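S.K.: Just one file: model_22.tsv, with TSV, C-alpha atoms and all ligand atoms.
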```
chain	number	residue	atom	x	y	z
A	80	MET	CA	107.04	87.59	103.78
A	81	ASN	CA	110.27	86.44	105.37
A	82	ASN	CA	109.13	87.77	108.73
A	83	ARG	CA	106.27	85.33	108.92
A	84	VAL	CA	108.26	82.84	110.89
A	85	HIS	CA	105.47	81.71	113.13
A	86	ILE	CA	102.43	81.87	110.88
A	87	SER	CA	101.86	79.67	107.88
A	88	ASP	CA	99.07	80.09	105.37
A	89	ASN	CA	97.60	76.87	106.59
A	90	GLU	CA	97.52	77.96	110.22
A	91	ARG	CA	95.79	81.11	109.21
A	92	LEU	CA	93.32	79.27	107.05
A	93	VAL	CA	92.13	76.93	109.80
A	94	ALA	CA	92.10	79.75	112.36
A	95	LEU	CA	89.86	81.88	110.16
A	96	PHE	CA	87.64	78.99	109.28
A	97	GLY	CA	87.28	78.11	112.95
A	98	LEU	CA	86.48	81.72	113.86
A	99	ALA	CA	83.85	81.94	111.14
A	100	ALA	CA	82.29	78.63	112.19
A	101	THR	CA	82.03	79.51	115.88
A	102	ARG	CA	80.90	83.08	115.56
A	103	GLN	CA	77.77	83.91	117.48
A	104	LYS	CA	75.46	85.59	115.02
A	105	SER	CA	73.37	87.70	117.32
A	106	ASN	CA	74.76	90.31	119.61
A	107	SER	CA	72.18	90.82	122.28
A	108	ALA	CA	74.38	92.49	124.89
A	109	SER	CA	74.73	96.25	124.71
A	110	CYS	CA	78.21	97.70	124.33
A	111	PRO	CA	80.19	97.96	127.59
A	112	SER	CA	81.02	101.37	129.06
A	113	ASP	CA	84.53	102.74	128.67
A	114	GLU	CA	85.05	102.08	132.36
A	115	LYS	CA	84.04	98.44	132.02
A	116	LEU	CA	86.54	98.09	129.17
A	117	SER	CA	89.19	99.64	131.41
A	118	GLU	CA	88.43	97.08	134.10
A	119	LEU	CA	88.87	94.32	131.54
A	120	ILE	CA	92.21	95.81	130.52
A	121	ASP	CA	93.32	96.00	134.16
A	122	ASN	CA	92.15	92.43	134.71
A	123	THR	CA	90.03	93.34	137.72
A	124	LEU	CA	86.81	91.63	136.63
A	125	ASN	CA	85.66	88.26	137.90
A	126	SER	CA	85.75	85.37	135.47
A	127	LYS	CA	82.05	85.55	134.67
A	128	GLN	CA	82.23	89.26	133.80
A	129	ARG	CA	85.42	88.64	131.85
A	130	THR	CA	83.89	85.86	129.77
A	131	SER	CA	80.81	87.95	129.10
A	132	LEU	CA	82.94	90.86	127.86
A	133	PHE	CA	85.08	88.52	125.76
A	134	ARG	CA	81.88	87.23	124.18
A	135	HIS	CA	80.89	90.79	123.33
A	136	LEU	CA	84.31	91.58	121.86
A	137	ASN	CA	84.02	88.49	119.68
A	138	GLN	CA	80.69	89.76	118.36
A	139	CYS	CA	81.18	93.54	118.15
A	140	SER	CA	83.91	94.81	115.85
A	141	LYS	CA	83.75	98.36	117.16
A	142	CYS	CA	84.32	97.40	120.80
A	143	TYR	CA	86.95	94.86	119.80
A	144	GLN	CA	88.91	97.48	117.86
A	145	LEU	CA	88.68	100.05	120.67
A	146	TRP	CA	89.86	97.48	123.19
A	147	LEU	CA	92.69	96.39	120.86
A	148	GLU	CA	93.75	99.98	120.23
A	149	THR	CA	93.81	100.81	123.95
A	150	THR	CA	95.79	97.71	124.90
A	151	ASP	CA	98.28	98.46	122.13
A	152	LEU	CA	98.68	102.04	123.36
A	153	LEU	CA	99.25	100.81	126.90
A	154	LEU	CA	101.67	98.01	126.03
A	155	GLU	CA	104.83	99.85	126.97
A	156	GLU	CA	103.06	101.74	129.71
A	157	LYS	CA	102.65	98.48	131.53
A	158	ASP	CA	106.38	97.77	131.44
A	159	LEU	CA	107.01	101.28	132.72
A	160	ILE	CA	104.61	100.90	135.62
A	161	GLU	CA	105.94	97.48	136.51
A	162	ILE	CA	109.33	99.09	136.95
A	163	VAL	CA	107.75	101.81	139.11
A	164	ASN	CA	106.01	99.15	141.19
A	165	LEU	CA	109.24	97.26	141.59
A	166	ASP	CA	111.00	100.41	142.77
A	167	HIS	CA	108.18	101.04	145.18
A	168	PHE	CA	108.48	97.50	146.47
A	169	ARG	CA	112.24	97.85	146.90
A	170	ALA	CA	111.86	101.18	148.66
A	171	THR	CA	109.26	99.71	151.01
A	172	ALA	CA	111.34	96.61	151.65
A	173	SER	CA	114.54	98.46	152.48
B	300	MET	CA	97.38	94.95	132.54
B	301	ALA	CA	97.37	97.17	135.65
B	302	ILE	CA	99.05	100.34	134.51
B	303	LYS	CA	99.04	102.49	137.59
B	304	PRO	CA	100.38	101.52	141.01
B	305	ILE	CA	97.42	100.57	143.16
B	306	HIS	CA	98.40	102.94	145.97
B	307	ILE	CA	98.17	105.90	143.60
B	308	GLU	CA	94.78	104.81	142.28
B	309	ASN	CA	93.52	104.43	145.85
B	310	GLU	CA	94.73	107.93	146.61
B	311	ILE	CA	92.79	109.23	143.61
B	312	LYS	CA	89.63	107.49	144.74
B	313	ALA	CA	90.10	108.73	148.31
B	314	SER	CA	90.74	112.34	147.31
B	315	PHE	CA	87.79	112.94	145.04
B	316	ASN	CA	84.08	112.68	145.65
B	317	LEU	CA	82.18	110.59	143.16
B	318	PRO	CA	80.56	111.33	140.85
B	319	LEU	CA	83.25	113.81	139.89
B	320	ASP	CA	82.32	117.44	139.47
B	321	GLU	CA	83.69	119.39	136.53
B	322	TYR	CA	86.58	120.89	138.53
B	323	ASP	CA	87.78	117.55	139.85
B	324	ALA	CA	87.39	116.01	136.40
B	325	LYS	CA	89.54	118.76	134.91
B	326	GLU	CA	92.15	118.43	137.65
B	327	LEU	CA	92.39	114.68	137.17
B	328	VAL	CA	92.89	115.06	133.43
B	329	PHE	CA	95.62	117.68	133.85
B	330	ASP	CA	97.29	115.49	136.47
B	331	GLN	CA	97.64	112.92	133.69
B	332	TRP	CA	98.99	115.33	131.09
B	333	GLN	CA	102.35	113.58	130.70
B	334	PHE	CA	100.59	110.26	130.32
B	335	LEU	CA	98.32	111.68	127.62
B	336	SER	CA	101.32	113.18	125.84
B	337	ARG	CA	103.05	109.81	125.84
B	338	LEU	CA	99.98	108.16	124.31
B	339	ALA	CA	99.81	110.78	121.55
B	340	GLU	CA	103.53	110.47	120.81
B	341	ARG	CA	103.20	106.71	120.71
B	342	ARG	CA	100.41	106.91	118.15
B	343	PHE	CA	102.17	109.53	115.98
B	344	PRO	CA	105.87	108.78	116.49
B	345	ASN	CA	106.85	110.23	113.12
B	346	ASP	CA	104.98	113.49	113.31
B	347	ASP	CA	105.17	115.97	116.20
B	348	SER	CA	102.48	118.20	114.79
B	349	MET	CA	100.03	115.28	114.44
B	350	ALA	CA	100.86	114.21	118.01
B	351	GLN	CA	100.27	117.74	119.28
B	352	GLY	CA	97.11	118.04	117.22
B	353	ALA	CA	95.83	114.73	118.62
B	354	LEU	CA	96.55	115.81	122.18
B	355	LEU	CA	94.70	119.09	121.75
B	356	PHE	CA	91.82	117.32	120.02
B	357	VAL	CA	91.53	114.89	122.94
B	358	LEU	CA	91.58	117.71	125.46
B	359	GLU	CA	89.01	119.71	123.53
B	360	LYS	CA	86.64	116.74	123.31
B	361	LEU	CA	87.09	115.80	126.96
B	362	GLU	CA	86.19	119.34	127.97
B	363	VAL	CA	82.83	119.24	126.17
B	364	ASP	CA	79.75	119.59	128.41
B	365	LYS	CA	81.79	120.40	131.50
B	366	TRP	CA	84.00	117.32	131.15
B	367	LYS	CA	81.03	115.03	130.76
B	368	ARG	CA	83.04	112.10	129.40
B	369	VAL	CA	85.44	112.27	132.36
B	370	ARG	CA	82.63	112.71	134.88
B	371	ALA	CA	81.24	109.38	133.69
B	372	TRP	CA	84.00	107.65	135.68
B	373	GLU	CA	82.35	105.83	138.57
B	374	GLY	CA	85.48	104.77	140.42
B	375	GLN	CA	85.02	101.07	139.61
B	376	GLY	CA	88.13	100.81	137.47
B	377	ALA	CA	91.46	102.65	137.56
B	378	PHE	CA	91.08	106.26	136.39
B	379	HIS	CA	94.32	106.03	134.45
B	380	THR	CA	93.08	103.15	132.29
B	381	PHE	CA	89.64	104.69	131.91
B	382	LEU	CA	91.32	107.81	130.57
B	383	ALA	CA	93.37	105.67	128.18
B	384	VAL	CA	90.17	104.16	126.72
B	385	LEU	CA	88.69	107.64	126.23
B	386	THR	CA	91.93	108.80	124.63
B	387	ALA	CA	92.14	105.80	122.30
B	388	ARG	CA	88.57	106.47	121.18
B	389	LEU	CA	89.23	110.18	120.60
B	390	MET	CA	92.59	109.72	118.88
B	391	THR	CA	90.84	107.32	116.52
B	392	ASP	CA	88.29	110.04	115.75
B	393	TYR	CA	91.14	112.51	115.26
B	394	THR	CA	92.96	110.23	112.82
B	395	ARG	CA	89.77	109.71	110.83
B	396	SER	CA	89.00	113.43	110.75
B	397	LYS	CA	92.50	114.54	109.89
B	398	PHE	CA	92.29	114.01	106.15
B	399	GLY	CA	88.53	113.83	105.95
B	400	HIS	CA	86.71	110.56	106.49
B	401	HIS	CA	85.06	110.87	103.08
B	402	ARG	CA	88.42	110.85	101.36
B	403	THR	CA	89.28	107.43	102.70
B	404	PRO	CA	87.71	104.68	100.59
B	405	THR	CA	84.80	102.68	101.95
B	406	TRP	CA	86.73	99.42	102.01
B	407	ILE	CA	89.22	101.02	104.43
B	408	ASN	CA	86.52	102.64	106.58
B	409	ASN	CA	84.59	99.37	106.76
B	410	LYS	CA	87.43	97.69	108.58
B	411	ASN	CA	86.89	99.66	111.80
B	412	ASP	CA	90.63	99.22	112.40
B	413	ILE	CA	92.26	102.63	112.64
B	414	ALA	CA	95.66	101.19	111.67
B	415	TRP	CA	94.31	100.76	108.13
B	416	THR	CA	93.21	104.40	107.98
B	417	LYS	CA	96.59	105.49	109.21
B	418	ALA	CA	98.39	103.30	106.66
B	419	TYR	CA	96.23	104.71	103.87
B	420	GLN	CA	96.96	108.27	104.98
B	421	LEU	CA	100.70	107.67	105.16
B	422	ILE	CA	100.87	106.18	101.67
B	423	ILE	CA	98.22	108.06	99.73
B	424	PHE	CA	97.99	111.49	101.38
B	425	GLN	CA	101.47	111.87	102.81
B	426	ASN	CA	103.36	110.02	100.07
B	427	TYR	CA	105.55	107.94	102.33
B	428	SER	CA	107.44	105.15	100.60
B	429	ARG	CA	106.37	101.57	101.17
B	430	LYS	CA	109.41	100.97	103.40
B	431	ASP	CA	108.93	104.11	105.50
B	432	ALA	CA	105.19	103.50	105.89
B	433	ILE	CA	105.85	99.98	107.19
B	434	GLU	CA	108.48	101.35	109.57
B	435	ILE	CA	106.17	104.05	110.95
B	436	LEU	CA	103.28	101.62	111.36
B	437	SER	CA	105.50	99.09	113.14
B	438	ILE	CA	106.70	101.76	115.57
B	439	SER	CA	103.18	103.13	116.08
B	440	TYR	CA	101.55	99.77	116.76
B	441	ARG	CA	104.12	97.89	118.75
B	442	GLY	CA	101.79	95.07	119.61
B	443	ARG	CA	101.60	93.92	115.99
B	444	GLU	CA	104.01	91.92	113.88
B	445	ARG	CA	105.85	93.52	111.01
B	446	TRP	CA	104.51	91.07	108.42
B	447	TYR	CA	101.03	92.36	109.15
B	448	PHE	CA	102.00	95.86	108.02
B	449	GLU	CA	103.92	94.52	105.02
B	450	GLU	CA	100.71	92.87	103.85
B	451	MET	CA	98.59	95.89	104.74
B	452	VAL	CA	100.75	98.29	102.74
B	453	ALA	CA	100.91	95.87	99.80
B	454	THR	CA	97.11	95.58	99.81
B	455	ILE	CA	96.62	99.35	99.85
B	456	LEU	CA	99.10	99.87	97.04
B	457	ALA	CA	97.50	97.12	94.96
B	458	ASN	CA	94.00	98.51	95.45
B	459	ASN	CA	95.08	102.03	94.78
B	460	ASN	CA	96.21	101.11	91.30
B	461	ARG	CA	92.67	100.12	90.41
B	462	PRO	CA	90.21	102.63	89.02
B	463	VAL	CA	88.22	104.24	91.83
B	464	ARG	CA	84.89	102.98	90.53
B	465	ALA	CA	86.14	99.43	90.49
B	466	ILE	CA	87.21	99.70	94.10
B	467	GLU	CA	83.90	101.11	95.26
B	468	SER	CA	81.87	98.57	93.34
B	469	GLN	CA	83.90	95.72	94.74
B	470	VAL	CA	83.65	96.73	98.35
B	471	GLN	CA	82.77	93.26	99.49
B	472	ILE	CA	85.51	91.58	97.55
B	473	ASP	CA	88.06	94.08	98.76
B	474	THR	CA	86.86	93.69	102.29
B	475	ILE	CA	87.37	89.98	102.10
B	476	GLU	CA	90.71	90.17	100.44
B	477	ASP	CA	91.99	92.41	103.16
B	478	VAL	CA	95.00	91.71	105.24
B	479	SER	CA	93.02	91.27	108.40
B	480	CYS	CA	91.97	87.95	107.13
B	481	SER	CA	93.44	87.06	103.82
B	482	PHE	CA	96.18	84.74	102.73
B	483	GLN	CA	97.64	83.56	99.53
B	484	THR	CA	96.11	80.33	98.38
B	485	SER	CA	98.81	77.72	98.52
B	486	GLU	CA	99.17	74.13	97.44
B	487	TYR	CA	97.98	73.14	100.90
B	488	THR	CA	94.63	74.75	100.53
B	489	GLU	CA	93.53	73.40	97.20
B	490	LYS	CA	90.59	71.58	98.72
B	491	ILE	CA	89.00	74.74	99.99
B	492	SER	CA	87.94	76.96	97.20
B	493	GLU	CA	89.03	80.52	97.54
B	494	LYS	CA	85.45	81.64	97.40
B	495	MET	CA	84.44	79.48	100.34
B	496	LEU	CA	87.17	80.86	102.47
B	497	LEU	CA	86.43	84.41	101.52
B	498	GLU	CA	82.78	83.96	102.37
B	499	ALA	CA	83.68	82.48	105.73
B	500	VAL	CA	85.88	85.40	106.53
B	501	ILE	CA	83.48	88.08	105.46
B	502	GLY	CA	80.83	86.58	107.69
B	503	TYR	CA	83.15	86.60	110.60
B	504	LEU	CA	84.73	89.99	110.25
B	505	ASN	CA	82.15	92.30	108.91
B	506	ASP	CA	78.88	91.48	110.60
B	507	GLN	CA	77.34	90.57	107.28
B	508	GLU	CA	75.76	87.26	108.12
B	509	SER	CA	72.42	88.30	106.73
B	510	ASP	CA	73.89	89.22	103.37
B	511	ARG	CA	75.76	85.98	103.34
B	512	SER	CA	72.79	83.79	104.12
B	513	GLN	CA	70.62	85.52	101.54
B	514	GLN	CA	72.78	84.23	98.77
B	515	SER	CA	72.00	80.76	97.61
B	516	GLU	CA	75.55	80.14	96.46
B	517	ASN	CA	76.58	80.48	100.06
B	518	GLN	CA	74.55	77.52	101.20
B	519	GLU	CA	77.45	75.14	100.80
B	520	ILE	CA	79.71	77.20	102.98
B	521	GLU	CA	76.94	77.70	105.54
B	522	ARG	CA	76.56	73.94	105.71
B	523	LEU	CA	80.28	73.40	106.14
B	524	LEU	CA	80.58	76.08	108.78
B	525	SER	CA	77.72	74.68	110.78
B	526	GLN	CA	79.18	71.15	110.55
B	527	LEU	CA	82.52	72.51	111.64
B	528	SER	CA	81.01	74.41	114.55
B	529	ILE	CA	79.64	71.16	115.98
B	530	LYS	CA	83.12	69.66	115.99
B	531	LEU	CA	84.76	72.66	117.62
B	532	SER	CA	85.16	73.48	121.24
B	533	MET	CA	86.69	76.88	121.88
B	534	SER	CA	86.26	79.32	124.75
B	535	GLU	CA	85.58	83.01	124.16
B	536	GLU	CA	89.17	83.64	125.23
B	537	ASP	CA	90.45	81.09	122.68
B	538	LYS	CA	88.52	82.87	119.95
B	539	LEU	CA	89.93	86.25	120.95
B	540	ILE	CA	93.46	84.86	120.94
B	541	LEU	CA	93.00	83.47	117.43
B	542	ARG	CA	91.44	86.68	116.17
B	543	MET	CA	94.22	88.84	117.62
B	544	ARG	CA	96.89	86.56	116.21
B	545	TYR	CA	95.51	85.67	112.79
B	546	CYS	CA	93.30	88.61	111.88
B	547	ASP	CA	95.20	91.47	113.49
B	548	GLY	CA	98.80	90.25	113.47
B	549	MET	CA	99.32	90.75	117.21
B	550	SER	CA	102.53	89.42	118.70
B	551	ILE	CA	102.45	86.70	121.33
B	552	THR	CA	103.78	89.19	123.90
B	553	ALA	CA	101.03	91.68	123.13
B	554	ILE	CA	98.32	89.02	123.31
B	555	THR	CA	99.68	87.73	126.60
B	556	LYS	CA	99.67	91.22	128.12
B	557	ALA	CA	96.34	92.31	126.70
B	558	LEU	CA	94.55	89.25	128.04
B	559	SER	CA	96.69	88.91	131.19
B	560	LEU	CA	97.38	85.31	130.22
B	561	LYS	CA	99.49	82.84	132.16
B	562	GLY	CA	101.38	79.84	130.84
B	563	ASP	CA	102.88	79.04	127.46
B	564	ILE	CA	100.79	80.85	124.85
B	565	TYR	CA	102.66	79.33	121.91
B	566	LYS	CA	101.66	75.91	123.15
B	567	ARG	CA	98.07	77.02	123.63
B	568	ILE	CA	97.85	78.44	120.11
B	569	ASN	CA	99.47	75.35	118.61
B	570	LYS	CA	96.97	73.17	120.43
B	571	LEU	CA	94.10	75.27	119.10
B	572	ILE	CA	95.46	75.07	115.57
B	573	ARG	CA	95.82	71.29	115.86
B	574	HIS	CA	92.24	71.05	117.08
B	575	LEU	CA	91.02	73.16	114.16
B	576	THR	CA	93.16	71.32	111.62
B	577	ASN	CA	91.82	67.96	112.79
B	578	ALA	CA	88.23	69.18	112.60
B	579	CYS	CA	88.72	70.62	109.11
B	580	THR	CA	90.44	67.45	107.93
B	581	GLU	CA	87.67	65.23	109.30
B	582	LEU	CA	85.14	67.29	107.41
B	583	GLY	CA	87.14	66.90	104.24
B	584	VAL	CA	87.67	70.59	103.76
B	585	LEU	CA	91.40	70.17	104.28
B	586	ASP	CA	93.70	67.79	102.56
B	587	ASP	CA	94.78	65.24	105.15
B	588	THR	CA	98.33	65.41	103.87
B	589	VAL	CA	98.60	68.88	105.38
C	1	ZN	ZN	80.11	96.73	121.32
```
Please, can you express the file's structure as structure tokens?
Ligand SMILES: [Zn+2]

M.R.:
Amino acid sequence: MNNRVHISDNERLVALFGLAATRQKSNSASCPSDEKLSELIDNTLNSKQRTSLFRHLNQCSKCYQLWLETTDLLLEEKDLIEIVNLDHFRATAS
Amino acid sequence: MAIKPIHIENEIKASFNLPLDEYDAKELVFDQWQFLSRLAERRFPNDDSMAQGALLFVLEKLEVDKWKRVRAWEGQGAFHTFLAVLTARLMTDYTRSKFGHHRTPTWINNKNDIAWTKAYQLIIFQNYSRKDAIEILSISYRGRERWYFEEMVATILANNNRPVRAIESQVQIDTIEDVSCSFQTSEYTEKISEKMLLEAVIGYLNDQESDRSQQSENQEIERLLSQLSIKLSMSEEDKLILRMRYCDGMSITAITKALSLKGDIYKRINKLIRHLTNACTELGVLDDTV
């Protein structure tokens, strides 16, 4: 495990213990729509909506994994679009 | 994580009447064909035919009921990102269906994390070596750290050497011992019995609180967890950060982007870990020499 530079067993232990201790046991909210998840990914929700969706993701493994999978897929896409935006900005500025 | 220039998204919203009809839905999807291809290639970087198969599968499923899934877009969020969520969902279905869901063991399916299914397929069905499987997984899931896949592959190989019956009958144990939330007990963790930790993790990860609380031997851990919860103060965002980092091996960069975080995330995580360590130490579940 020589790549585990930043994570020790002990860090992981307390993190997991803390997550288990603070987990909300009931999940009353229904799963968000795909569009709502996309708004979370684009960071266009207000803080109340954001917190409420975060709460759901912390309680619902299926939504959490879908959200995680989408953000992973879009990771490099974001860099690509930031470059496009920058070019657009430069073109507009010049 | 805005992924499409706003002016283009505004053009999309201005050019189409909502709700979308089937023709507009189809046009919008085909406008994004290159984007969809990139997503499929990113998920299957080692295998053109899987990437092509995934792309066709996504298209086929989107087309069902006159593009019903696409017509569900209400114009609240960016179409591009909405389509990415649909695609992620469908590519997950595709990966599961590719070698037959029933052929993947329950303990893998129970994880809900498609990366595990993919790892299992690479090693068991496609006979990739340990090294190549780790390489492919690291390239496929760029948001995650390499050590996460090293542990994942090691876990799959270890479990695969057991008789099938043993694996199926030990679903719970295997689920707990998984990479998502397992670690090797070290000298630092002597004060917490392995069992206690495992129980804590299973309750967190697998929505099995009821099973957990039904077992009298779990009362001690229930008591400790509830005492710990009183001492802890963490926001929903804090909890997500910890879960992404410690259960799913996400890199700091990926976490920062996914949650659109500002500031020094290393510092924030370190502060959280200190807070948790102090609380655990006060409760006597951690050796205070840690
Ligand atoms: Zn959900």

S.K.: Do you have, as JSON lines, the list of residues of chain A lying at most 12 Å from ligand ZN 1 (chain C), each with its nearest atom pair and that distance in Å to one decimal, counting all atoms listed in the file and ordered by chain then number?

M.R.:
```
{"residue": "A:Ser105", "atom": "CA", "partner": "C:ZN1", "partner_atom": "ZN", "distance": 12.0}
{"residue": "A:Asn106", "atom": "CA", "partner": "C:ZN1", "partner_atom": "ZN", "distance": 8.5}
{"residue": "A:Ser107", "atom": "CA", "partner": "C:ZN1", "partner_atom": "ZN", "distance": 9.9}
{"residue": "A:Ala108", "atom": "CA", "partner": "C:ZN1", "partner_atom": "ZN", "distance": 8.0}
{"residue": "A:Ser109", "atom": "CA", "partner": "C:ZN1", "partner_atom": "ZN", "distance": 6.4}
{"residue": "A:Cys110", "atom": "CA", "partner": "C:ZN1", "partner_atom": "ZN", "distance": 3.7}
{"residue": "A:Pro111", "atom": "CA", "partner": "C:ZN1", "partner_atom": "ZN", "distance": 6.4}
{"residue": "A:Ser112", "atom": "CA", "partner": "C:ZN1", "partner_atom": "ZN", "distance": 9.1}
{"residue": "A:Asp113", "atom": "CA", "partner": "C:ZN1", "partner_atom": "ZN", "distance": 10.5}
{"residue": "A:Lys115", "atom": "CA", "partner": "C:ZN1", "partner_atom": "ZN", "distance": 11.5}
{"residue": "A:Leu116", "atom": "CA", "partner": "C:ZN1", "partner_atom": "ZN", "distance": 10.2}
{"residue": "A:Ser131", "atom": "CA", "partner": "C:ZN1", "partner_atom": "ZN", "distance": 11.8}
{"residue": "A:Leu132", "atom": "CA", "partner": "C:ZN1", "partner_atom": "ZN", "distance": 9.2}
{"residue": "A:Phe133", "atom": "CA", "partner": "C:ZN1", "partner_atom": "ZN", "distance": 10.6}
{"residue": "A:Arg134", "atom": "CA", "partner": "C:ZN1", "partner_atom": "ZN", "distance": 10.1}
{"residue": "A:His135", "atom": "CA", "partner": "C:ZN1", "partner_atom": "ZN", "distance": 6.3}
{"residue": "A:Leu136", "atom": "CA", "partner": "C:ZN1", "partner_atom": "ZN", "distance": 6.7}
{"residue": "A:Asn137", "atom": "CA", "partner": "C:ZN1", "partner_atom": "ZN", "distance": 9.3}
{"residue": "A:Gln138", "atom": "CA", "partner": "C:ZN1", "partner_atom": "ZN", "distance": 7.6}
{"residue": "A:Cys139", "atom": "CA", "partner": "C:ZN1", "partner_atom": "ZN", "distance": 4.6}
{"residue": "A:Ser140", "atom": "CA", "partner": "C:ZN1", "partner_atom": "ZN", "distance": 6.9}
{"residue": "A:Lys141", "atom": "CA", "partner": "C:ZN1", "partner_atom": "ZN", "distance": 5.8}
{"residue": "A:Cys142", "atom": "CA", "partner": "C:ZN1", "partner_atom": "ZN", "distance": 4.3}
{"residue": "A:Tyr143", "atom": "CA", "partner": "C:ZN1", "partner_atom": "ZN", "distance": 7.3}
{"residue": "A:Gln144", "atom": "CA", "partner": "C:ZN1", "partner_atom": "ZN", "distance": 9.5}
{"residue": "A:Leu145", "atom": "CA", "partner": "C:ZN1", "partner_atom": "ZN", "distance": 9.2}
{"residue": "A:Trp146", "atom": "CA", "partner": "C:ZN1", "partner_atom": "ZN", "distance": 10.0}
```

S.K.: Take the residues that were just selected and, keeping C-alpha atoms, output them as a PDB file, keeping the file's coordinate frame.

M.R.:
```pdb
ATOM      1  CA  SER A 105      73.370  87.700 117.320  1.00  0.00           C
ATOM      2  CA  ASN A 106      74.760  90.310 119.610  1.00  0.00           C
ATOM      3  CA  SER A 107      72.180  90.820 122.280  1.00  0.00           C
ATOM      4  CA  ALA A 108      74.380  92.490 124.890  1.00  0.00           C
ATOM      5  CA  SER A 109      74.730  96.250 124.710  1.00  0.00           C
ATOM      6  CA  CYS A 110      78.210  97.700 124.330  1.00  0.00           C
ATOM      7  CA  PRO A 111      80.190  97.960 127.590  1.00  0.00           C
ATOM      8  CA  SER A 112      81.020 101.370 129.060  1.00  0.00           C
ATOM      9  CA  ASP A 113      84.530 102.740 128.670  1.00  0.00           C
ATOM     10  CA  LYS A 115      84.040  98.440 132.020  1.00  0.00           C
ATOM     11  CA  LEU A 116      86.540  98.090 129.170  1.00  0.00           C
ATOM     12  CA  SER A 131      80.810  87.950 129.100  1.00  0.00           C
ATOM     13  CA  LEU A 132      82.940  90.860 127.860  1.00  0.00           C
ATOM     14  CA  PHE A 133      85.080  88.520 125.760  1.00  0.00           C
ATOM     15  CA  ARG A 134      81.880  87.230 124.180  1.00  0.00           C
ATOM     16  CA  HIS A 135      80.890  90.790 123.330  1.00  0.00           C
ATOM     17  CA  LEU A 136      84.310  91.580 121.860  1.00  0.00           C
ATOM     18  CA  ASN A 137      84.020  88.490 119.680  1.00  0.00           C
ATOM     19  CA  GLN A 138      80.690  89.760 118.360  1.00  0.00           C
ATOM     20  CA  CYS A 139      81.180  93.540 118.150  1.00  0.00           C
ATOM     21  CA  SER A 140      83.910  94.810 115.850  1.00  0.00           C
ATOM     22  CA  LYS A 141      83.750  98.360 117.160  1.00  0.00           C
ATOM     23  CA  CYS A 142      84.320  97.400 120.800  1.00  0.00           C
ATOM     24  CA  TYR A 143      86.950  94.860 119.800  1.00  0.00           C
ATOM     25  CA  GLN A 144      88.910  97.480 117.860  1.00  0.00           C
ATOM     26  CA  LEU A 145      88.680 100.050 120.670  1.00  0.00           C
ATOM     27  CA  TRP A 146      89.860  97.480 123.190  1.00  0.00           C
TER      28      TRP A 146
END
```

S.K.: Using all atoms listed in the file, can you tell me which of B:Leu421, B:Val363, B:Leu436, B:Met549 comes closest to chain A?

M.R.: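 Of B:Leu421, B:Val363, B:Leu436, B:Met549, the one nearest chain A is B:Met549, counting all atoms listed in the file.
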
S.K.: Enumerate, as a short mmCIF file (atom, residue, chain, number, x, y, z; two decimals) with C-alpha atoms, in the frame of the given file, the protein, DNA and RNA residues whose atoms approach (87.5, 115.1, 144.6) to within 12 Å, taking into account all atoms listed in the file and the coordinate frame of the file.

M.R.:
```cif
data_model
loop_
_atom_site.label_atom_id
_atom_site.label_comp_id
_atom_site.auth_asym_id
_atom_site.auth_seq_id
_atom_site.Cartn_x
_atom_site.Cartn_y
_atom_site.Cartn_z
CA GLU B 310 94.73 107.93 146.61
CA ILE B 311 92.79 109.23 143.61
CA LYS B 312 89.63 107.49 144.74
CA ALA B 313 90.10 108.73 148.31
CA SER B 314 90.74 112.34 147.31
CA PHE B 315 87.79 112.94 145.04
CA ASN B 316 84.08 112.68 145.65
CA LEU B 317 82.18 110.59 143.16
CA PRO B 318 80.56 111.33 140.85
CA LEU B 319 83.25 113.81 139.89
CA ASP B 320 82.32 117.44 139.47
CA GLU B 321 83.69 119.39 136.53
CA TYR B 322 86.58 120.89 138.53
CA ASP B 323 87.78 117.55 139.85
CA ALA B 324 87.39 116.01 136.40
CA LYS B 325 89.54 118.76 134.91
CA GLU B 326 92.15 118.43 137.65
CA LEU B 327 92.39 114.68 137.17
CA ARG B 370 82.63 112.71 134.88
CA GLY B 374 85.48 104.77 140.42
#
```

S.K.: Draw an axis-aligned box tight on the listed atoms of range 337-352 of chain B, then pad every side by 4 Å and write out centre and edge lengths in Å to one decimal as lines of an AutoDock Vina configuration file.

M.R.:
```
center_x = 102.0
center_y = 112.5
center_z = 119.5
size_x = 17.7
size_y = 19.5
size_z = 20.7
```

S.K.: Between CA of Lys367 in chain B and CA of Ala387 in chain B, what is the distance in Å, rounded to a tenth?

M.R.: 16.7 Å

S.K.: Just the number, please: distance in Å from CA of Asn408 in chain B to CA of Arg395 in chain B, one decimal.

M.R.: 8.9 Å

S.K.: To one decimal place in Å, what is the distance between CA of Ser525 in chain B and CA of Ala100 in chain A?

M.R.: 6.2 Å

S.K.: In terms of the shortest atom-to-atom distance over only C-alpha atoms, which of B:Asn411, B:Gln425, B:Ser437, B:Gln420 is closest to chain A?

M.R.: B:Asn411

S.K.: Can you tell me which residues surround Ser534 in chain B at a distance of at most 10 Å, considering all atoms listed in the file, apart from same-chain residues fewer than 2 positions away, and format the answer as a ChimeraX atom specification?

M.R.: /A:101,130,133-134 /B:531-532,536-540

S.K.: Point out the residue among B:Leu571, B:Ala377, B:Arg342, B:Tyr545 with the least atom-to-atom distance to Ser87 in chain A, counting all atoms listed in the file.

M.R.: B:Tyr545

S.K.: For Leu147 in chain A, which residue among B:Lys360, B:Arg388, B:Lys570, B:Lys561 is the nearest when counting all atoms listed in the file?

M.R.: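 That would be B:Arg388, the residue with the smallest distance to Leu147 in chain A.
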